[in-house]
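**Student:** Structure below; questions to follow.
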There are 2 protein chains.
Amino acid sequence: MSNDARERILTACEQTIARSGIRGFRMHDVASAAGVSIGLLAYHFGDRNGLLQAALDHVTERAEDRARRSPEPATASARLSALLSSEFGAEPEVRAGSTAWNELRALAVFEPAQAVAVARSTATWQQTVQQLVAEAVRDRGSDLDPAATALILTALVEGLSGRWLTGQLTAEEAQECVSAALRGLGL
Amino acid sequence: MSNDARERILTACEQTIARSGIRGFRMHDVASAAGVSIGLLAYHFGDRNGLLQAALDHVTERAEDRARRSPEPATASARLSALLSSEFGAEPEVRAGSTAWNELRALAVFEPAQAVAVARSTATWQQTVQQLVAEAVRDRGSDLDPAATALILTALVEGLSGRWLTGQLTAEEAQECVSAALRGLGL
């Protein structure tokens with residue numbers, strides 16, 4: 001499968017979940033939205049769980065891509081801030097990705113296969129954050145523990161994401177909260 | 001309605017959502033589990049949205065009760081830590097309450113009436129946290145902004161809650177992360 005088709009399918013998957021929620025989710029709708037056959041979908045992603053795992057990983061990868069696309073900030077601290085803030089934004093694709101992630105995490109409370117997928121994708125993201133925290137801590141001569149701090153920051157972003165998606169915060173307010181947390185922790 | 005009946009109905013409501021998720025939620029099941037008629041339920045809580053709002057508020061109140069039941073810690077900082085940590089625990093009622101909250105927040109992304117209920121209940125909880133932060137900040141001569149810090153801490157707890165409910169963290173690890181955040185912020 002070309003990268004284009006893969007991208008189109010995963011984007012369609014996120015939009016489908018973001019529109020109707022995970023409970024009404026059907027692979028058939030994703031195939032229709034992406035303009036591919038259900039057979040091609042199954043061939044490349046396996047079953048529903050395979051597709052949902054790929055969609056979770058895709059949301060994470062895209063947030064990292066967005067953070068990288070902006071002009072490279074000079075310090076690890078600024079890169080960390082950009083990475084965490086990239087989870088919020090006015091672009092429809094950002095909201096769709098975040099909504100899909102939120103739905104899959106809610107489902108994971110009840111479905112062990114989804115819990116494994118969410119844990120794997122979360123661990124990858126948290127590892128990226130931890131590397132930036134470790135750099136920022138070295139730059140600043142701070143005594144923060146990078147692993148513990150990465151858990152704080154990624155869990156904070158997940159909590160803020162729920163606030164943002166339910167209209168309790170704007171994307172800008174969520175980003176400002178991330179900045180305040182980084183300042184508060186001395187990063 | 002006696003406080004006993006109210007407590008029994010709201011506990012049954014949380015357990016019903018925690019067992020089967022919000023999508024299959026029926027007021028009838030709550031009435032059965034609580035041993036009351038569906039008419040009594042409707043009479044006291046109004047419609048489904050009224051019951052769900054009461055259940056959200058009940059989860060928040062119970063966490064505050066749990067924090068108060070433990071021996072009163074001497075400092076505002078210790079009370080803040082106890083309040084935030086009371087969201088996690090091995091007791092089935094703690095997990096049921098948290099699971100119900102998590103489901104209602106996920107639903108709120110798609111249902112405006114639930115978004116209003118979640119926002120109201122969240123604001124109440126965050127206000128309680130903010131008062132304790134303000135005290136702790138005074139005690140410590142810190143220059144943290146209590147409102148901004150209360151947002152950081154409550155969003156962090158919500159994010160950790162998602163990790164805990166999906167088996168990515170134990171209750172103790174979530175509590176340790178709250179403590180690390182408080183220490184990192186100098187509280």
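Residue numbers start at 1 in each chain; chains themselves are named A, B, ... in the order of the structure tokens; ligands are numbered from 1 in the order shown.
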Just need chain B moved onto chain A: least-squares over all Cα atoms matched in order, then output as a PDB file with C-alpha atoms, in the first residue's frame.

**Tutor:**
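Final output, saved to part_9.pdb:
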ATOM      1  CA  MET B   1       0.087   0.022   0.029  1.00  0.00           C
ATOM      2  CA  SER B   2       1.375   3.475  -0.819  1.00  0.00           C
ATOM      3  CA  ASN B   3       1.995   5.901   2.020  1.00  0.00           C
ATOM      4  CA  ASP B   4      -0.738   8.073   0.514  1.00  0.00           C
ATOM      5  CA  ALA B   5      -3.330   5.333   0.830  1.00  0.00           C
ATOM      6  CA  ARG B   6      -2.197   4.507   4.364  1.00  0.00           C
ATOM      7  CA  GLU B   7      -2.401   8.163   5.361  1.00  0.00           C
ATOM      8  CA  ARG B   8      -5.841   8.491   3.736  1.00  0.00           C
ATOM      9  CA  ILE B   9      -7.190   5.409   5.523  1.00  0.00           C
ATOM     10  CA  LEU B  10      -5.885   6.418   8.944  1.00  0.00           C
ATOM     11  CA  THR B  11      -7.144   9.980   8.558  1.00  0.00           C
ATOM     12  CA  ALA B  12     -10.544   8.596   7.515  1.00  0.00           C
ATOM     13  CA  CYS B  13     -10.480   6.298  10.547  1.00  0.00           C
ATOM     14  CA  GLU B  14      -9.854   9.204  12.937  1.00  0.00           C
ATOM     15  CA  GLN B  15     -12.525  11.345  11.293  1.00  0.00           C
ATOM     16  CA  THR B  16     -15.054   8.520  11.475  1.00  0.00           C
ATOM     17  CA  ILE B  17     -14.455   8.033  15.195  1.00  0.00           C
ATOM     18  CA  ALA B  18     -14.394  11.792  15.815  1.00  0.00           C
ATOM     19  CA  ARG B  19     -17.761  12.191  14.076  1.00  0.00           C
ATOM     20  CA  SER B  20     -19.744   9.340  15.579  1.00  0.00           C
ATOM     21  CA  GLY B  21     -17.759   7.980  18.497  1.00  0.00           C
ATOM     22  CA  ILE B  22     -16.165   4.574  18.833  1.00  0.00           C
ATOM     23  CA  ARG B  23     -19.290   2.610  19.723  1.00  0.00           C
ATOM     24  CA  GLY B  24     -20.822   2.991  16.270  1.00  0.00           C
ATOM     25  CA  PHE B  25     -17.462   2.436  14.595  1.00  0.00           C
ATOM     26  CA  ARG B  26     -17.517   0.200  11.485  1.00  0.00           C
ATOM     27  CA  MET B  27     -14.529  -0.648   9.304  1.00  0.00           C
ATOM     28  CA  HIS B  28     -16.908  -0.414   6.362  1.00  0.00           C
ATOM     29  CA  ASP B  29     -17.422   3.333   6.984  1.00  0.00           C
ATOM     30  CA  VAL B  30     -13.670   3.896   7.052  1.00  0.00           C
ATOM     31  CA  ALA B  31     -13.223   2.042   3.768  1.00  0.00           C
ATOM     32  CA  SER B  32     -15.996   4.141   2.163  1.00  0.00           C
ATOM     33  CA  ALA B  33     -14.590   7.414   3.479  1.00  0.00           C
ATOM     34  CA  ALA B  34     -11.076   6.522   2.281  1.00  0.00           C
ATOM     35  CA  GLY B  35     -12.346   5.241  -1.081  1.00  0.00           C
ATOM     36  CA  VAL B  36     -10.800   1.780  -0.709  1.00  0.00           C
ATOM     37  CA  SER B  37     -12.283  -1.684  -0.485  1.00  0.00           C
ATOM     38  CA  ILE B  38     -12.941  -3.316   2.863  1.00  0.00           C
ATOM     39  CA  GLY B  39     -10.698  -6.145   1.632  1.00  0.00           C
ATOM     40  CA  LEU B  40      -7.747  -3.775   1.180  1.00  0.00           C
ATOM     41  CA  LEU B  41      -8.330  -2.386   4.654  1.00  0.00           C
ATOM     42  CA  ALA B  42      -8.361  -5.871   6.177  1.00  0.00           C
ATOM     43  CA  TYR B  43      -5.362  -6.937   4.100  1.00  0.00           C
ATOM     44  CA  HIS B  44      -3.206  -4.089   5.382  1.00  0.00           C
ATOM     45  CA  PHE B  45      -4.391  -3.538   8.937  1.00  0.00           C
ATOM     46  CA  GLY B  46      -5.775  -6.954   9.816  1.00  0.00           C
ATOM     47  CA  ASP B  47      -8.842  -6.709  12.041  1.00  0.00           C
ATOM     48  CA  ARG B  48     -10.535  -3.799  13.775  1.00  0.00           C
ATOM     49  CA  ASN B  49      -7.961  -3.865  16.590  1.00  0.00           C
ATOM     50  CA  GLY B  50      -5.092  -3.646  14.114  1.00  0.00           C
ATOM     51  CA  LEU B  51      -6.666  -0.617  12.457  1.00  0.00           C
ATOM     52  CA  LEU B  52      -7.348   1.079  15.795  1.00  0.00           C
ATOM     53  CA  GLN B  53      -3.759   0.490  16.983  1.00  0.00           C
ATOM     54  CA  ALA B  54      -2.461   2.011  13.728  1.00  0.00           C
ATOM     55  CA  ALA B  55      -4.809   4.972  14.170  1.00  0.00           C
ATOM     56  CA  LEU B  56      -3.538   5.605  17.709  1.00  0.00           C
ATOM     57  CA  ASP B  57       0.084   5.443  16.576  1.00  0.00           C
ATOM     58  CA  HIS B  58      -0.808   7.756  13.685  1.00  0.00           C
ATOM     59  CA  VAL B  59      -2.249  10.418  16.012  1.00  0.00           C
ATOM     60  CA  THR B  60       0.973  10.344  18.039  1.00  0.00           C
ATOM     61  CA  GLU B  61       3.197  10.493  14.942  1.00  0.00           C
ATOM     62  CA  ARG B  62       1.279  13.396  13.489  1.00  0.00           C
ATOM     63  CA  ALA B  63       1.561  15.430  16.676  1.00  0.00           C
ATOM     64  CA  GLU B  64       5.327  14.829  16.577  1.00  0.00           C
ATOM     65  CA  ASP B  65       5.407  15.839  12.897  1.00  0.00           C
ATOM     66  CA  ARG B  66       3.536  19.052  13.660  1.00  0.00           C
ATOM     67  CA  ALA B  67       5.986  19.877  16.427  1.00  0.00           C
ATOM     68  CA  ARG B  68       8.902  19.263  14.026  1.00  0.00           C
ATOM     69  CA  ARG B  69       7.355  21.271  11.155  1.00  0.00           C
ATOM     70  CA  SER B  70       7.423  24.529  13.095  1.00  0.00           C
ATOM     71  CA  PRO B  71      10.814  26.298  13.023  1.00  0.00           C
ATOM     72  CA  GLU B  72      13.173  24.235  15.184  1.00  0.00           C
ATOM     73  CA  PRO B  73      13.285  25.955  18.570  1.00  0.00           C
ATOM     74  CA  ALA B  74      16.770  26.559  19.904  1.00  0.00           C
ATOM     75  CA  THR B  75      16.433  24.888  23.300  1.00  0.00           C
ATOM     76  CA  ALA B  76      15.245  21.472  24.476  1.00  0.00           C
ATOM     77  CA  SER B  77      12.835  23.289  26.749  1.00  0.00           C
ATOM     78  CA  ALA B  78      11.240  25.118  23.792  1.00  0.00           C
ATOM     79  CA  ARG B  79      11.065  21.875  21.778  1.00  0.00           C
ATOM     80  CA  LEU B  80       9.373  20.175  24.719  1.00  0.00           C
ATOM     81  CA  SER B  81       6.843  22.980  24.954  1.00  0.00           C
ATOM     82  CA  ALA B  82       6.185  22.810  21.184  1.00  0.00           C
ATOM     83  CA  LEU B  83       5.718  19.034  21.278  1.00  0.00           C
ATOM     84  CA  LEU B  84       3.245  19.127  24.161  1.00  0.00           C
ATOM     85  CA  SER B  85       1.366  22.120  22.720  1.00  0.00           C
ATOM     86  CA  SER B  86       1.026  20.420  19.337  1.00  0.00           C
ATOM     87  CA  GLU B  87      -1.711  18.262  20.883  1.00  0.00           C
ATOM     88  CA  PHE B  88      -4.067  21.262  20.807  1.00  0.00           C
ATOM     89  CA  GLY B  89      -5.031  23.428  17.863  1.00  0.00           C
ATOM     90  CA  ALA B  90      -7.774  24.868  15.698  1.00  0.00           C
ATOM     91  CA  GLU B  91      -7.060  22.598  12.690  1.00  0.00           C
ATOM     92  CA  PRO B  92      -9.828  20.005  12.178  1.00  0.00           C
ATOM     93  CA  GLU B  93      -7.244  17.207  11.880  1.00  0.00           C
ATOM     94  CA  VAL B  94      -5.839  18.024  15.321  1.00  0.00           C
ATOM     95  CA  ARG B  95      -9.268  17.877  16.931  1.00  0.00           C
ATOM     96  CA  ALA B  96     -10.212  14.709  15.010  1.00  0.00           C
ATOM     97  CA  GLY B  97      -7.014  12.972  16.103  1.00  0.00           C
ATOM     98  CA  SER B  98      -7.489  14.001  19.704  1.00  0.00           C
ATOM     99  CA  THR B  99     -11.165  12.987  19.708  1.00  0.00           C
ATOM    100  CA  ALA B 100     -10.293   9.577  18.258  1.00  0.00           C
ATOM    101  CA  TRP B 101      -7.584   9.087  20.878  1.00  0.00           C
ATOM    102  CA  ASN B 102      -9.993  10.111  23.634  1.00  0.00           C
ATOM    103  CA  GLU B 103     -12.613   7.623  22.419  1.00  0.00           C
ATOM    104  CA  LEU B 104     -10.098   4.793  22.139  1.00  0.00           C
ATOM    105  CA  ARG B 105      -8.838   5.457  25.651  1.00  0.00           C
ATOM    106  CA  ALA B 106     -12.408   5.419  26.983  1.00  0.00           C
ATOM    107  CA  LEU B 107     -13.013   2.119  25.204  1.00  0.00           C
ATOM    108  CA  ALA B 108      -9.752   0.731  26.624  1.00  0.00           C
ATOM    109  CA  VAL B 109     -11.278   0.787  30.122  1.00  0.00           C
ATOM    110  CA  PHE B 110     -13.634  -1.966  28.939  1.00  0.00           C
ATOM    111  CA  GLU B 111     -11.648  -3.748  26.187  1.00  0.00           C
ATOM    112  CA  PRO B 112      -8.259  -5.311  27.047  1.00  0.00           C
ATOM    113  CA  ALA B 113      -7.087  -5.306  23.407  1.00  0.00           C
ATOM    114  CA  GLN B 114      -7.575  -1.553  23.243  1.00  0.00           C
ATOM    115  CA  ALA B 115      -5.866  -1.104  26.610  1.00  0.00           C
ATOM    116  CA  VAL B 116      -2.760  -2.787  25.168  1.00  0.00           C
ATOM    117  CA  ALA B 117      -2.876  -0.537  22.090  1.00  0.00           C
ATOM    118  CA  VAL B 118      -3.332   2.638  24.133  1.00  0.00           C
ATOM    119  CA  ALA B 119      -0.542   1.651  26.533  1.00  0.00           C
ATOM    120  CA  ARG B 120       1.869   0.999  23.650  1.00  0.00           C
ATOM    121  CA  SER B 121       1.130   4.256  21.898  1.00  0.00           C
ATOM    122  CA  THR B 122       1.253   6.220  25.154  1.00  0.00           C
ATOM    123  CA  ALA B 123       4.618   4.684  26.082  1.00  0.00           C
ATOM    124  CA  THR B 124       6.119   5.722  22.736  1.00  0.00           C
ATOM    125  CA  TRP B 125       4.936   9.294  23.144  1.00  0.00           C
ATOM    126  CA  GLN B 126       6.045   9.464  26.788  1.00  0.00           C
ATOM    127  CA  GLN B 127       9.499   8.179  25.795  1.00  0.00           C
ATOM    128  CA  THR B 128       9.875  11.032  23.286  1.00  0.00           C
ATOM    129  CA  VAL B 129       8.836  13.529  25.958  1.00  0.00           C
ATOM    130  CA  GLN B 130      11.228  11.965  28.463  1.00  0.00           C
ATOM    131  CA  GLN B 131      14.203  12.418  26.113  1.00  0.00           C
ATOM    132  CA  LEU B 132      13.401  16.115  25.732  1.00  0.00           C
ATOM    133  CA  VAL B 133      12.915  16.490  29.492  1.00  0.00           C
ATOM    134  CA  ALA B 134      16.313  14.842  30.064  1.00  0.00           C
ATOM    135  CA  GLU B 135      17.935  17.370  27.685  1.00  0.00           C
ATOM    136  CA  ALA B 136      16.095  20.306  29.251  1.00  0.00           C
ATOM    137  CA  VAL B 137      17.059  19.132  32.747  1.00  0.00           C
ATOM    138  CA  ARG B 138      20.722  18.961  31.707  1.00  0.00           C
ATOM    139  CA  ASP B 139      20.556  22.420  30.098  1.00  0.00           C
ATOM    140  CA  ARG B 140      19.071  23.909  33.258  1.00  0.00           C
ATOM    141  CA  GLY B 141      21.010  21.961  35.855  1.00  0.00           C
ATOM    142  CA  SER B 142      17.685  20.922  37.371  1.00  0.00           C
ATOM    143  CA  ASP B 143      17.349  17.886  39.652  1.00  0.00           C
ATOM    144  CA  LEU B 144      13.986  16.773  38.235  1.00  0.00           C
ATOM    145  CA  ASP B 145      13.689  13.091  37.381  1.00  0.00           C
ATOM    146  CA  PRO B 146      13.066  12.884  33.598  1.00  0.00           C
ATOM    147  CA  ALA B 147      10.886   9.751  33.748  1.00  0.00           C
ATOM    148  CA  ALA B 148       8.670  11.048  36.562  1.00  0.00           C
ATOM    149  CA  THR B 149       8.430  14.460  34.887  1.00  0.00           C
ATOM    150  CA  ALA B 150       7.515  12.945  31.512  1.00  0.00           C
ATOM    151  CA  LEU B 151       4.673  11.082  33.216  1.00  0.00           C
ATOM    152  CA  ILE B 152       3.449  14.310  34.829  1.00  0.00           C
ATOM    153  CA  LEU B 153       3.572  16.222  31.542  1.00  0.00           C
ATOM    154  CA  THR B 154       1.975  13.595  29.306  1.00  0.00           C
ATOM    155  CA  ALA B 155      -0.794  12.834  31.825  1.00  0.00           C
ATOM    156  CA  LEU B 156      -1.387  16.584  32.145  1.00  0.00           C
ATOM    157  CA  VAL B 157      -1.763  16.897  28.368  1.00  0.00           C
ATOM    158  CA  GLU B 158      -4.237  13.997  28.361  1.00  0.00           C
ATOM    159  CA  GLY B 159      -6.276  15.637  31.106  1.00  0.00           C
ATOM    160  CA  LEU B 160      -6.219  18.993  29.302  1.00  0.00           C
ATOM    161  CA  SER B 161      -7.261  17.232  26.133  1.00  0.00           C
ATOM    162  CA  GLY B 162     -10.448  16.044  27.844  1.00  0.00           C
ATOM    163  CA  ARG B 163     -11.140  19.610  28.998  1.00  0.00           C
ATOM    164  CA  TRP B 164     -10.517  21.001  25.528  1.00  0.00           C
ATOM    165  CA  LEU B 165     -12.675  18.446  23.708  1.00  0.00           C
ATOM    166  CA  THR B 166     -15.581  19.071  26.093  1.00  0.00           C
ATOM    167  CA  GLY B 167     -15.365  22.833  25.564  1.00  0.00           C
ATOM    168  CA  GLN B 168     -14.101  23.653  29.052  1.00  0.00           C
ATOM    169  CA  LEU B 169     -10.884  25.174  27.671  1.00  0.00           C
ATOM    170  CA  THR B 170      -9.811  26.643  24.336  1.00  0.00           C
ATOM    171  CA  ALA B 171      -6.744  25.208  22.597  1.00  0.00           C
ATOM    172  CA  GLU B 172      -4.864  28.375  23.591  1.00  0.00           C
ATOM    173  CA  GLU B 173      -5.839  28.005  27.243  1.00  0.00           C
ATOM    174  CA  ALA B 174      -4.696  24.374  27.208  1.00  0.00           C
ATOM    175  CA  GLN B 175      -1.365  25.438  25.665  1.00  0.00           C
ATOM    176  CA  GLU B 176      -0.997  28.219  28.229  1.00  0.00           C
ATOM    177  CA  CYS B 177      -1.567  25.665  31.003  1.00  0.00           C
ATOM    178  CA  VAL B 178       1.213  23.475  29.540  1.00  0.00           C
ATOM    179  CA  SER B 179       3.535  26.505  29.531  1.00  0.00           C
ATOM    180  CA  ALA B 180       2.579  27.360  33.114  1.00  0.00           C
ATOM    181  CA  ALA B 181       3.315  23.780  34.197  1.00  0.00           C
ATOM    182  CA  LEU B 182       6.718  23.843  32.487  1.00  0.00           C
ATOM    183  CA  ARG B 183       7.534  27.182  34.140  1.00  0.00           C
ATOM    184  CA  GLY B 184       6.252  25.926  37.509  1.00  0.00           C
ATOM    185  CA  LEU B 185       8.531  22.871  37.231  1.00  0.00           C
ATOM    186  CA  GLY B 186      11.457  25.093  36.261  1.00  0.00           C
ATOM    187  CA  LEU B 187      11.696  23.748  32.690  1.00  0.00           C
TER     188      LEU B 187
END

**Student:** Report as a compact mmCIF listing (two decimals) with C-alpha atoms, in the first residue's frame: the residues of chain A with a DSSP assignment of alpha helix (DSSP H), based on the backbone of this structure.

**Tutor:**
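After the write, out.txt holds the following:
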# COMPACT_ATOMS: atom_id res chain seq x y z
CA ASN A 3 1.98 5.87 1.96
CA ASP A 4 -0.75 8.05 0.47
CA ALA A 5 -3.36 5.32 0.80
CA ARG A 6 -2.22 4.47 4.32
CA GLU A 7 -2.42 8.14 5.33
CA ARG A 8 -5.85 8.48 3.72
CA ILE A 9 -7.20 5.40 5.50
CA LEU A 10 -5.89 6.40 8.93
CA THR A 11 -7.16 9.97 8.53
CA ALA A 12 -10.56 8.59 7.51
CA CYS A 13 -10.49 6.29 10.53
CA GLU A 14 -9.87 9.20 12.93
CA GLN A 15 -12.54 11.35 11.29
CA THR A 16 -15.06 8.52 11.47
CA ILE A 17 -14.45 8.03 15.19
CA ALA A 18 -14.40 11.79 15.81
CA ARG A 19 -17.76 12.19 14.08
CA SER A 20 -19.75 9.33 15.58
CA MET A 27 -14.53 -0.65 9.30
CA HIS A 28 -16.92 -0.41 6.36
CA ASP A 29 -17.43 3.33 6.99
CA VAL A 30 -13.69 3.90 7.04
CA ALA A 31 -13.25 2.04 3.76
CA SER A 32 -16.03 4.13 2.16
CA ALA A 33 -14.60 7.42 3.48
CA ALA A 34 -11.11 6.52 2.27
CA ILE A 38 -12.94 -3.33 2.86
CA GLY A 39 -10.70 -6.14 1.63
CA LEU A 40 -7.77 -3.78 1.17
CA LEU A 41 -8.34 -2.39 4.66
CA ALA A 42 -8.37 -5.87 6.18
CA TYR A 43 -5.38 -6.95 4.08
CA HIS A 44 -3.22 -4.10 5.37
CA PHE A 45 -4.40 -3.56 8.92
CA ARG A 48 -10.53 -3.81 13.77
CA ASN A 49 -7.95 -3.87 16.57
CA GLY A 50 -5.08 -3.66 14.09
CA LEU A 51 -6.67 -0.64 12.44
CA LEU A 52 -7.34 1.08 15.78
CA GLN A 53 -3.75 0.49 16.96
CA ALA A 54 -2.45 1.99 13.71
CA ALA A 55 -4.80 4.96 14.15
CA LEU A 56 -3.53 5.60 17.69
CA ASP A 57 0.10 5.44 16.56
CA HIS A 58 -0.79 7.75 13.67
CA VAL A 59 -2.25 10.40 16.00
CA THR A 60 0.98 10.34 18.03
CA GLU A 61 3.21 10.47 14.93
CA ARG A 62 1.29 13.39 13.48
CA ALA A 63 1.58 15.42 16.66
CA GLU A 64 5.34 14.81 16.57
CA ASP A 65 5.43 15.82 12.90
CA ARG A 66 3.56 19.05 13.66
CA ALA A 67 6.00 19.88 16.43
CA ARG A 68 8.91 19.24 14.03
CA ARG A 69 7.38 21.26 11.17
CA ALA A 76 15.25 21.48 24.49
CA SER A 77 12.84 23.30 26.75
CA ALA A 78 11.24 25.11 23.80
CA ARG A 79 11.08 21.89 21.79
CA LEU A 80 9.38 20.19 24.72
CA SER A 81 6.85 22.99 24.96
CA ALA A 82 6.19 22.82 21.19
CA LEU A 83 5.73 19.04 21.29
CA LEU A 84 3.25 19.13 24.17
CA SER A 85 1.37 22.13 22.73
CA PRO A 92 -9.81 20.01 12.17
CA GLU A 93 -7.24 17.22 11.87
CA VAL A 94 -5.84 18.03 15.32
CA ARG A 95 -9.26 17.88 16.92
CA ALA A 96 -10.20 14.71 15.01
CA GLY A 97 -7.01 12.98 16.10
CA SER A 98 -7.49 14.01 19.71
CA THR A 99 -11.15 12.99 19.71
CA ALA A 100 -10.28 9.59 18.25
CA TRP A 101 -7.57 9.11 20.87
CA ASN A 102 -9.98 10.12 23.64
CA GLU A 103 -12.59 7.62 22.41
CA LEU A 104 -10.08 4.80 22.14
CA ARG A 105 -8.82 5.46 25.66
CA ALA A 106 -12.39 5.42 26.99
CA LEU A 107 -13.00 2.12 25.20
CA ALA A 108 -9.75 0.73 26.62
CA PRO A 112 -8.25 -5.29 27.04
CA ALA A 113 -7.08 -5.30 23.40
CA GLN A 114 -7.58 -1.53 23.24
CA ALA A 115 -5.86 -1.09 26.60
CA VAL A 116 -2.74 -2.78 25.17
CA ALA A 117 -2.88 -0.53 22.09
CA VAL A 118 -3.32 2.65 24.14
CA ALA A 119 -0.53 1.66 26.53
CA ARG A 120 1.87 1.01 23.66
CA SER A 121 1.12 4.28 21.91
CA THR A 122 1.26 6.24 25.17
CA ALA A 123 4.62 4.70 26.09
CA THR A 124 6.12 5.73 22.74
CA TRP A 125 4.93 9.30 23.18
CA GLN A 126 6.04 9.47 26.80
CA GLN A 127 9.50 8.19 25.81
CA THR A 128 9.87 11.04 23.29
CA VAL A 129 8.82 13.54 25.97
CA GLN A 130 11.22 11.97 28.47
CA GLN A 131 14.19 12.43 26.12
CA LEU A 132 13.39 16.13 25.74
CA VAL A 133 12.92 16.50 29.51
CA ALA A 134 16.31 14.86 30.08
CA GLU A 135 17.93 17.38 27.69
CA ALA A 136 16.10 20.32 29.27
CA VAL A 137 17.06 19.14 32.77
CA ARG A 138 20.74 18.96 31.71
CA ASP A 139 20.56 22.43 30.11
CA ARG A 140 19.09 23.92 33.27
CA PRO A 146 13.08 12.89 33.61
CA ALA A 147 10.89 9.76 33.75
CA ALA A 148 8.66 11.05 36.57
CA THR A 149 8.44 14.47 34.89
CA ALA A 150 7.52 12.95 31.53
CA LEU A 151 4.68 11.08 33.22
CA ILE A 152 3.44 14.31 34.83
CA LEU A 153 3.57 16.24 31.55
CA THR A 154 1.98 13.61 29.32
CA ALA A 155 -0.79 12.83 31.83
CA LEU A 156 -1.39 16.59 32.16
CA VAL A 157 -1.77 16.91 28.38
CA GLU A 158 -4.23 14.00 28.36
CA GLY A 159 -6.28 15.65 31.11
CA LEU A 160 -6.23 19.00 29.31
CA SER A 161 -7.26 17.24 26.13
CA GLY A 162 -10.46 16.06 27.84
CA ARG A 163 -11.15 19.62 29.00
CA TRP A 164 -10.52 21.01 25.53
CA LEU A 165 -12.68 18.44 23.72
CA ALA A 171 -6.75 25.19 22.61
CA GLU A 172 -4.88 28.38 23.59
CA GLU A 173 -5.84 27.99 27.26
CA ALA A 174 -4.69 24.38 27.21
CA GLN A 175 -1.37 25.43 25.67
CA GLU A 176 -1.00 28.22 28.23
CA CYS A 177 -1.56 25.66 31.01
CA VAL A 178 1.20 23.48 29.57
CA SER A 179 3.53 26.51 29.54
CA ALA A 180 2.57 27.37 33.13
CA ALA A 181 3.32 23.80 34.21
CA LEU A 182 6.71 23.85 32.50
CA ARG A 183 7.53 27.19 34.14
CA GLY A 184 6.26 25.92 37.50
